[in-house]
Every structure is written in C-alpha cells, then in structure tokens.
Amino acid sequence: MTKTVQENDTLENNRQQFLCELKIFINQKLFDKHIITEDMYHTAKEILLRRAS
C-alpha cells in the first residue's frame with residue numbers, strides 16, 4: 001500500500017473506534033440516568049464491541 005492509502009486506512013479505523021467509544025459512552029450515560037435498563041446497556045455494548053473488532 002502507498003503511504004496515503006495507509007494513512008486513510010488508519011484514519012478510518014480511528015474514526016470507527018471513536019464512534020464505537022462514543023456510543024458506549026452515551027449508552028453508559030443513559031443507563032446511569034435509568035433511561036435504559038441494564039440488559040439493554042449490556043446488549044448494546046456487546047454489539048458495539050463485536051462490530052469494532
């Protein structure tokens with residue numbers, strides 16, 4: 001791969017990881033405020049972590 005392609009790939013991976021962490025953070029805040037239940041929080045977290053891997 002060229003250097004530009006590698007940089008774009010790294011940026012895309014970083015972007016995807018950031019979005020996953022942001023969604024987990026938002027879900028944690030919703031759980032803390034009792035807007036969503038514990039099972040909803042853990043299910044969403046598992047799905048996001050699998051998608052990030």
# chains A, B, ... in the order shown; residues from 1 in each chain; ligands from 1

$ residues_around --residues "range 45-53 of chain A" --least-positions-apart "6" --cutoff "7 Å" --atoms "only C-alpha atoms" --output "list in words"
Gln17, Cys20 and Ile24 of chain A

$ write_last_selection --atoms "all heavy atoms" --output "mmCIF file, in the first residue's frame"
data_model
loop_
_atom_site.group_PDB
_atom_site.id
_atom_site.type_symbol
_atom_site.label_atom_id
_atom_site.label_comp_id
_atom_site.auth_asym_id
_atom_site.auth_seq_id
_atom_site.Cartn_x
_atom_site.Cartn_y
_atom_site.Cartn_z
ATOM 1 N N GLN A 17 -13.349 3.523 15.691
ATOM 2 C CA GLN A 17 -13.130 3.271 17.113
ATOM 3 C C GLN A 17 -13.720 4.408 17.952
ATOM 4 O O GLN A 17 -14.346 4.169 18.980
ATOM 5 C CB GLN A 17 -11.639 3.115 17.405
ATOM 6 C CG GLN A 17 -11.355 2.799 18.865
ATOM 7 C CD GLN A 17 -9.878 2.587 19.126
ATOM 8 O OE1 GLN A 17 -9.066 2.632 18.210
ATOM 9 N NE2 GLN A 17 -9.541 2.369 20.372
ATOM 10 N N CYS A 20 -17.503 4.091 18.064
ATOM 11 C CA CYS A 20 -17.893 2.995 18.944
ATOM 12 C C CYS A 20 -17.792 3.421 20.402
ATOM 13 O O CYS A 20 -18.707 3.197 21.193
ATOM 14 C CB CYS A 20 -17.013 1.779 18.676
ATOM 15 S SG CYS A 20 -17.418 0.353 19.696
ATOM 16 N N ILE A 24 -20.809 3.842 23.237
ATOM 17 C CA ILE A 24 -20.746 3.180 24.541
ATOM 18 C C ILE A 24 -20.873 4.222 25.656
ATOM 19 O O ILE A 24 -21.589 4.009 26.640
ATOM 20 C CB ILE A 24 -19.445 2.360 24.686
ATOM 21 C CG1 ILE A 24 -19.499 1.146 23.755
ATOM 22 C CG2 ILE A 24 -19.229 1.925 26.124
ATOM 23 C CD1 ILE A 24 -18.199 0.359 23.685
#

$ select_by_dssp --residues "chain A" --states "helix (DSSP H, G or I)" --output "JSON, numbers by chain"
{"A": [3, 4, 5, 6, 7, 8, 9, 10, 11, 12, 13, 14, 15, 16, 17, 18, 19, 20, 21, 22, 23, 24, 25, 26, 27, 28, 29, 30, 31, 32, 38, 39, 40, 41, 42, 43, 44, 45, 46, 47, 48, 49, 50, 51, 52]}

$ atom_distance --atom1 "CA of Ala44 in chain A" --atom2 "CA of Asp9 in chain A"
25.7 Å

$ atom_distance --atom1 "CA of Ile36 in chain A" --atom2 "CA of Lys23 in chain A"
13.6 Å

$ atom_distance --atom1 "CA of Phe31 in chain A" --atom2 "CA of Arg15 in chain A"
24.3 Å
